[in-house]
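Structure file final_4.cif (mmCIF, C-alpha atoms) is printed below.
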```cif
data_target
#
loop_
_atom_site.label_atom_id
_atom_site.label_comp_id
_atom_site.auth_asym_id
_atom_site.auth_seq_id
_atom_site.Cartn_x
_atom_site.Cartn_y
_atom_site.Cartn_z
CA MET A 9 178.16 26.16 104.26
CA ALA A 10 176.87 22.83 105.52
CA LYS A 11 176.37 20.32 102.69
CA ASN A 12 174.19 17.86 104.60
CA LYS A 13 171.66 20.02 106.33
CA ARG A 14 169.30 18.51 108.87
CA LYS A 15 165.73 18.55 107.59
CA VAL A 16 163.11 20.04 109.93
CA GLU A 17 159.44 20.60 109.13
CA VAL A 18 158.88 23.62 111.41
CA VAL A 19 161.38 25.80 113.26
CA VAL A 20 160.28 28.37 115.85
CA LEU A 21 162.69 31.11 116.90
CA SER A 22 161.95 33.96 119.29
CA ASP A 23 163.68 36.67 121.31
CA ILE A 24 166.71 37.03 119.08
CA HIS A 25 166.94 40.77 119.87
CA LEU A 26 168.89 41.81 116.80
CA GLY A 27 170.27 45.29 117.43
CA THR A 28 171.42 44.62 120.99
CA ILE A 29 174.83 43.72 122.36
CA GLY A 30 173.54 40.55 123.99
CA CYS A 31 172.33 38.99 120.72
CA ARG A 32 174.25 35.82 119.80
CA ALA A 33 173.99 36.24 116.05
CA ASP A 34 177.11 34.23 115.16
CA GLU A 35 175.81 31.14 116.94
CA LEU A 36 172.34 31.59 115.44
CA LEU A 37 173.79 31.81 111.93
CA LYS A 38 175.61 28.51 112.45
CA TYR A 39 172.38 26.90 113.60
CA LEU A 40 170.42 28.25 110.65
CA ASN A 41 173.07 26.98 108.27
CA SER A 42 172.88 23.50 109.80
CA ILE A 43 169.16 23.01 109.07
CA GLN A 44 166.78 22.91 106.12
CA PRO A 45 163.37 24.02 107.43
CA LYS A 46 160.15 23.65 105.48
CA LYS A 47 158.61 26.47 107.51
CA LEU A 48 160.16 29.17 109.74
CA ILE A 49 158.25 30.97 112.48
CA LEU A 50 159.81 34.07 114.03
CA ASN A 51 157.83 34.36 117.25
CA GLY A 52 158.49 37.93 118.34
CA ASP A 53 161.33 40.17 119.53
CA ILE A 54 163.42 39.33 116.49
CA VAL A 55 164.57 42.91 115.88
CA ASP A 56 164.75 44.95 119.08
CA ILE A 57 163.19 48.16 117.80
CA TRP A 58 162.98 49.49 121.38
CA GLN A 59 166.77 49.79 121.49
CA PHE A 60 167.48 50.32 117.82
CA LYS A 61 168.18 54.00 118.53
CA LYS A 62 171.63 52.88 119.68
CA ARG A 63 172.47 52.43 115.99
CA TYR A 64 174.13 49.18 116.97
CA TRP A 65 173.87 46.91 113.95
CA PRO A 66 176.98 44.77 113.28
CA LYS A 67 177.49 42.65 110.17
CA SER A 68 176.69 39.47 112.08
CA HIS A 69 173.16 40.77 112.72
CA MET A 70 172.65 41.66 109.09
CA ARG A 71 173.74 38.15 108.08
CA ILE A 72 170.75 36.78 109.99
CA ILE A 73 168.42 38.97 107.93
CA LYS A 74 170.18 37.89 104.75
CA HIS A 75 169.83 34.23 105.65
CA ILE A 76 166.10 34.64 106.30
CA THR A 77 165.65 36.41 102.97
CA SER A 78 167.56 33.59 101.27
CA LEU A 79 165.04 31.12 102.73
CA LEU A 80 162.23 33.24 101.33
CA SER A 81 163.86 33.23 97.91
CA LYS A 82 163.91 29.43 98.06
CA GLY A 83 160.17 29.32 98.70
CA VAL A 84 160.28 28.66 102.45
CA PRO A 85 157.28 30.28 104.20
CA VAL A 86 158.37 32.67 106.97
CA TYR A 87 155.86 33.92 109.53
CA TYR A 88 156.90 36.97 111.54
CA VAL A 89 154.79 36.90 114.72
CA THR A 90 155.11 40.29 116.38
CA GLY A 91 156.34 40.70 119.95
CA ASN A 92 156.65 43.60 122.38
CA HIS A 93 160.15 44.70 121.37
CA ASP A 94 159.02 44.83 117.73
CA GLU A 95 155.44 45.85 118.50
CA LEU A 96 155.58 48.70 115.97
CA LEU A 97 155.20 46.02 113.31
CA ARG A 98 151.79 45.08 114.71
CA LYS A 99 150.10 47.75 112.65
CA PHE A 100 151.36 45.84 109.59
CA GLU A 101 149.47 42.68 110.55
CA GLY A 102 148.34 40.88 107.43
CA PHE A 103 151.22 42.29 105.36
CA THR A 104 152.43 39.72 102.83
CA LEU A 105 155.47 39.87 100.60
CA GLY A 106 156.06 36.66 98.71
CA LYS A 107 156.43 33.94 101.32
CA LEU A 108 156.77 36.43 104.20
CA GLN A 109 153.75 37.20 106.39
CA ILE A 110 153.50 39.52 109.39
CA VAL A 111 150.95 38.29 111.93
CA ASN A 112 150.11 38.83 115.59
CA LYS A 113 149.21 35.17 116.13
CA LEU A 114 149.23 32.02 114.11
CA ILE A 115 147.31 28.73 114.03
CA LEU A 116 149.17 25.74 112.61
CA ASN A 117 147.58 22.46 111.58
CA LEU A 118 150.07 19.70 112.30
CA ASN A 119 149.05 16.15 111.49
CA GLY A 120 145.48 16.72 112.63
CA LYS A 121 146.46 18.74 115.71
CA LYS A 122 146.32 22.51 116.19
CA ALA A 123 149.16 24.67 117.48
CA TRP A 124 148.43 28.21 118.72
CA VAL A 125 151.49 30.41 118.24
CA PHE A 126 151.92 33.89 119.72
CA HIS A 127 154.68 35.82 121.47
CA GLY A 128 153.13 35.97 124.95
CA ASP A 129 153.61 39.58 126.11
CA VAL A 130 149.81 39.88 126.32
CA PHE A 131 150.11 38.10 129.69
CA ASP A 132 152.69 40.58 131.00
CA VAL A 133 150.99 43.00 133.40
CA THR A 134 153.86 45.50 133.22
CA MET A 135 153.48 45.60 129.45
CA GLN A 136 149.82 46.51 129.77
CA TYR A 137 149.97 49.04 132.60
CA ALA A 138 153.58 50.23 132.96
CA LYS A 139 155.37 49.93 129.64
CA TRP A 140 158.01 52.44 130.75
CA LEU A 141 158.94 50.04 133.57
CA THR A 142 159.32 47.19 131.11
CA LYS A 143 161.56 49.29 128.86
CA LEU A 144 163.65 50.32 131.86
CA GLY A 145 163.98 46.65 132.74
CA SER A 146 165.07 45.92 129.17
CA ILE A 147 167.89 48.46 129.46
CA GLY A 148 168.91 46.96 132.78
CA TYR A 149 168.87 43.48 131.27
CA ASP A 150 171.08 44.65 128.39
CA LEU A 151 173.54 46.09 130.92
CA LEU A 152 173.49 42.83 132.87
CA ILE A 153 174.34 40.92 129.69
CA MET A 154 177.32 43.23 129.11
CA ILE A 155 178.58 42.63 132.63
CA ASN A 156 177.97 38.90 132.19
CA SER A 157 180.08 38.92 129.01
CA MET A 158 182.96 40.52 130.90
CA VAL A 159 182.65 38.04 133.76
CA ASN A 160 182.68 35.09 131.35
CA TYR A 161 185.67 36.51 129.49
CA PHE A 162 187.77 36.45 132.65
CA ALA A 163 186.25 33.12 133.69
CA ASN A 164 187.44 31.67 130.38
CA LEU A 165 190.97 33.01 130.96
CA MET A 166 191.00 31.35 134.38
CA GLY A 167 189.73 28.06 132.97
CA ARG A 168 186.38 28.24 134.73
CA GLU A 169 182.91 27.53 133.38
CA LYS A 170 180.71 30.31 132.05
CA VAL A 171 177.90 31.59 134.23
CA SER A 172 174.55 33.21 133.48
CA LEU A 173 173.91 36.02 135.94
CA SER A 174 170.36 36.69 134.83
CA ARG A 175 169.45 32.99 134.97
CA LYS A 176 170.86 32.76 138.49
CA ILE A 177 168.76 35.77 139.45
CA LYS A 178 165.63 34.29 137.87
CA ASN A 179 166.16 30.95 139.63
CA SER A 180 166.84 32.54 143.00
CA VAL A 181 164.10 35.18 143.12
CA LYS A 182 160.78 33.61 144.09
CA SER A 183 158.75 36.27 142.33
CA ALA A 184 160.53 35.52 139.04
CA VAL A 185 159.88 31.79 139.37
CA LYS A 186 156.24 32.51 140.23
CA TYR A 187 155.92 34.78 137.20
CA ILE A 188 157.18 32.05 134.86
CA ASN A 189 154.83 29.48 136.40
CA ASN A 190 151.85 31.85 136.15
CA PHE A 191 152.74 32.70 132.54
CA GLU A 192 152.85 29.04 131.54
CA GLN A 193 149.64 28.15 133.37
CA THR A 194 147.71 31.11 131.95
CA ALA A 195 148.79 30.40 128.36
CA ALA A 196 147.94 26.72 128.74
CA GLU A 197 144.53 27.26 130.28
CA ILE A 198 143.45 29.60 127.49
CA ALA A 199 144.73 27.12 124.90
CA ILE A 200 142.77 24.33 126.58
CA ASP A 201 139.59 26.42 126.55
CA LYS A 202 140.10 27.15 122.85
CA GLY A 203 140.71 23.49 122.06
CA TYR A 204 144.34 23.77 120.95
CA ASP A 205 146.66 20.79 121.28
CA TYR A 206 149.78 22.96 121.54
CA VAL A 207 150.45 26.50 122.73
CA VAL A 208 153.74 27.95 121.51
CA CYS A 209 155.18 31.10 123.12
CA GLY A 210 158.36 33.10 123.61
CA HIS A 211 158.82 36.32 125.62
CA ILE A 212 160.08 34.96 128.95
CA HIS A 213 163.42 33.64 127.62
CA TYR A 214 162.82 30.28 129.25
CA PRO A 215 162.72 27.21 126.95
CA GLU A 216 160.14 24.63 127.96
CA TYR A 217 158.13 21.69 126.69
CA LYS A 218 155.62 20.11 129.03
CA GLU A 219 152.02 19.04 129.43
CA ILE A 220 149.80 21.32 131.50
CA THR A 221 146.44 20.19 132.81
CA SER A 222 143.44 22.13 134.03
CA LYS A 223 139.93 21.13 135.06
CA ASN A 224 138.89 21.47 131.40
CA GLY A 225 141.57 19.27 129.88
CA SER A 226 145.23 19.40 128.92
CA THR A 227 147.59 20.86 126.34
CA MET A 228 151.28 20.82 125.50
CA TYR A 229 152.98 24.09 126.44
CA LEU A 230 156.10 25.02 124.48
CA ASN A 231 158.46 27.98 124.77
CA SER A 232 161.31 28.59 122.33
CA GLY A 233 163.55 30.40 124.84
CA ASP A 234 165.90 33.02 123.38
CA TRP A 235 169.17 33.74 121.58
CA ILE A 236 170.69 35.82 124.36
CA GLU A 237 171.42 33.09 126.91
CA SER A 238 169.52 29.87 126.25
CA LEU A 239 170.42 29.77 122.54
CA SER A 240 167.40 27.60 121.93
CA ALA A 241 164.62 26.98 119.44
CA LEU A 242 161.64 24.71 118.92
CA GLU A 243 161.63 22.12 116.17
CA TYR A 244 158.74 20.05 114.84
CA HIS A 245 159.56 17.01 112.74
CA LYS A 246 157.84 13.70 112.02
CA GLY A 247 154.96 14.46 114.36
CA GLU A 248 157.12 15.40 117.36
CA TRP A 249 158.15 18.68 119.00
CA SER A 250 161.58 19.10 120.59
CA ILE A 251 163.69 21.85 122.15
CA TYR A 252 166.87 22.59 120.24
CA GLU A 253 169.85 23.71 122.35
CA TYR A 254 172.87 25.12 120.55
CA HIS A 255 175.24 24.22 123.39
CA LYS A 256 174.51 20.53 122.79
CA ASP A 257 174.91 20.69 119.00
CA GLN A 258 178.54 19.91 118.28
CA ASN A 259 177.99 19.89 114.52
CA ALA A 260 176.70 23.47 114.50
CA LYS A 261 179.36 24.72 116.93
CA VAL A 262 182.28 23.61 114.74
CA MET A 263 180.68 24.71 111.49
CA GLU A 264 182.74 26.94 109.21
CA LEU A 265 180.71 29.57 107.37
CA ASP A 266 181.39 31.18 104.03
CA LEU A 267 180.81 34.74 105.20
CA GLU A 268 181.78 36.16 101.81
CA SER A 269 178.54 34.73 100.42
CA TYR A 270 176.60 37.32 102.44
CA GLN A 271 176.62 40.55 100.46
CA LEU A 272 175.97 43.25 103.05
CA ASP A 273 176.77 46.76 101.90
CA ASP A 274 173.65 47.83 99.97
CA SER A 275 171.12 45.68 101.83
CA ASN A 276 172.48 46.80 105.21
CA LYS A 277 171.79 50.42 104.33
CA ILE A 278 168.35 49.61 102.91
CA PHE A 279 167.38 47.59 105.99
CA LYS A 280 168.43 50.38 108.35
CA GLU A 281 166.38 52.88 106.36
CA LEU A 282 163.42 50.48 106.47
CA LEU A 283 163.66 50.25 110.26
CA VAL A 284 163.76 54.03 110.51
CA GLU A 285 160.50 54.06 108.53
CA PHE A 286 158.96 51.55 110.95
CA THR A 287 160.09 53.40 114.06
CA SER A 288 159.16 56.86 112.83
CA GLY A 289 155.47 56.11 113.18
CA GLU A 290 154.75 57.96 109.96
CA LYS A 291 153.86 54.95 107.88
CA THR A 292 150.48 53.33 108.46
CA ALA A 293 149.31 49.88 107.55
CA ALA A 294 147.19 49.45 104.47
CA SER A 295 143.49 49.10 105.18
#
```
Kindly transcribe the structure held in the file into structure tokens.
Amino acid sequence: MAKNKRKVEVVVLSDIHLGTIGCRADELLKYLNSIQPKKLILNGDIVDIWQFKKRYWPKSHMRIIKHITSLLSKGVPVYYVTGNHDELLRKFEGFTLGKLQIVNKLILNLNGKKAWVFHGDVFDVTMQYAKWLTKLGSIGYDLLIMINSMVNYFANLMGREKVSLSRKIKNSVKSAVKYINNFEQTAAEIAIDKGYDYVVCGHIHYPEYKEITSKNGSTMYLNSGDWIESLSALEYHKGEWSIYEYHKDQNAKVMELDLESYQLDDSNKIFKELLVEFTSGEKTAAS
């Protein structure tokens, strides 16, 4: 474990997609072990309940859950903001267990400024009117990640740089670029109308930090990216926001972890049973 952890006031993670092959849990664990956050915000699509039926849940994914629970035990507030891939948790909005809270959106007061935090799938038309199409796209994306992993494996053997197939597709398809731009503009305009200084989203797997202006004013738009390809997060410290990128963090990349400190057997079984409860639809939120 890292002895000298980097102190951060607020960390925002989104689109981890635990339970899928594309999830980069090992890299995320190294990042989490390199920091000491005062507050952790999980901004949606943390556990991919849509695809949990695969029963794919390796130890590396469980270690992420264990690390988050260890933060809770140390008194670190953790806000789980629900997303579309974990939307079944939305009926548990307001649920509190110690320092853990499940919410659909969050307002943060940061040095006299307000940050509006939510996942962002509310702006996705396919989510509202053709959810089956979105789920089909999710399966296709997972398959693309598998193919990408194979391509990068052989690229590494040949001494070539890794490539991101989905990012190349996003950057080359005009409709995808337009979707991202519309998403950012829509989120920002609503934030401006509501008087928020920052709007913090996830969902589109595209890390960003920029000022967006409308006829009614301006706001800072932030997106935490994902832990499938971008391996990024948002950090707030000493009055400033920044985008964290794992690929640029040499300290985290070379970190050696004490994996034996993560006791998995019993908690792994309990967590799987808990997810079955969530996905069964039999449990209802307390009124």
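With only C-alpha atoms as the atoms that count, the minimum distance from Val130 in chain A to the choices A:His211, A:Lys82, A:Arg14, A:Arg71 is reached by A:His211.
Computed from the coordinates, the CA of Ile115 in chain A to CA of Tyr204 in chain A distance equals 9.0 Å.
We find CA of Asp53 in chain A and CA of Lys13 in chain A to be spaced 26.2 Å apart.
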What's the 8 Å shell around Glu216 in chain A, counting only C-alpha atoms, without same-chain residues fewer than 4 positions away, as a compact mmCIF listing (two decimals) with C-alpha atoms, keeping the file's coordinate frame?
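Full text of selection.txt as output:
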```txt
# COMPACT_ATOMS: atom_id res chain seq x y z
CA TYR A 229 152.98 24.09 126.44
CA LEU A 230 156.10 25.02 124.48
CA ASN A 231 158.46 27.98 124.77
CA SER A 232 161.31 28.59 122.33
CA GLY A 233 163.55 30.40 124.84
CA ILE A 251 163.69 21.85 122.15
```
Original post:
Can you tell me, as a PyMOL selection string, what residues are no more than 8 Å from Val111 in chain A when counting all atoms listed in the file, ignoring any on the same chain fewer than 3 positions away?
Top reply: chain A and resi 87-90+98+100-103+114
Those residues you just picked out, can you put them in a file as a short mmCIF file (atom, residue, chain, number, x, y, z; two decimals), in the frame of the given file with C-alpha atoms?
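Below you can see result-v5.cif, which holds the result:
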```cif
data_model
loop_
_atom_site.label_atom_id
_atom_site.label_comp_id
_atom_site.auth_asym_id
_atom_site.auth_seq_id
_atom_site.Cartn_x
_atom_site.Cartn_y
_atom_site.Cartn_z
CA TYR A 87 155.86 33.92 109.53
CA TYR A 88 156.90 36.97 111.54
CA VAL A 89 154.79 36.90 114.72
CA THR A 90 155.11 40.29 116.38
CA ARG A 98 151.79 45.08 114.71
CA PHE A 100 151.36 45.84 109.59
CA GLU A 101 149.47 42.68 110.55
CA GLY A 102 148.34 40.88 107.43
CA PHE A 103 151.22 42.29 105.36
CA LEU A 114 149.23 32.02 114.11
#
```
Original post:
Contacts of Ser22 in chain A at 6 Å or less, counting all atoms listed in the file, minus same-chain residues fewer than 3 places along, as a PyMOL selection string?
Top reply: chain A and resi 50-52+210+234
**OP:** State, in Å with one decimal place, the distance from CA of Asn117 in chain A to CA of Leu80 in chain A.
**Re:** 20.9 Å
**OP:** Find the spatial neighbours of range 44-46 of chain A, counting all atoms listed in the file, within a cut-off of 7 Å - ignore same-chain residues fewer than 3 positions away - and output them as a ChimeraX atom specification.
**Re:** /A:13-19,84
Original post:
Can you list, as an NGL selection string, the residues that the PyMOL selection byres ((chain A and resi 217) around 12) selects here?
Top reply: :A and (192 or 196 or 206-210 or 214-216 or 218-220 or 227-233 or 240-244 or 248-252)
**OP:** Would you write out, as JSON, numbers by chain, every residue that the PyMOL selection byres ((chain A and resi 260) around 7) captures in this file?
**Re:** {"A": [38, 39, 42, 257, 258, 259, 261, 262, 263]}
Original post:
So, counting only C-alpha atoms, which residue among A:Asp56, A:Glu268, A:Asp23, A:Glu197 is closest to Leu36 in chain A?
Top reply: A:Asp23
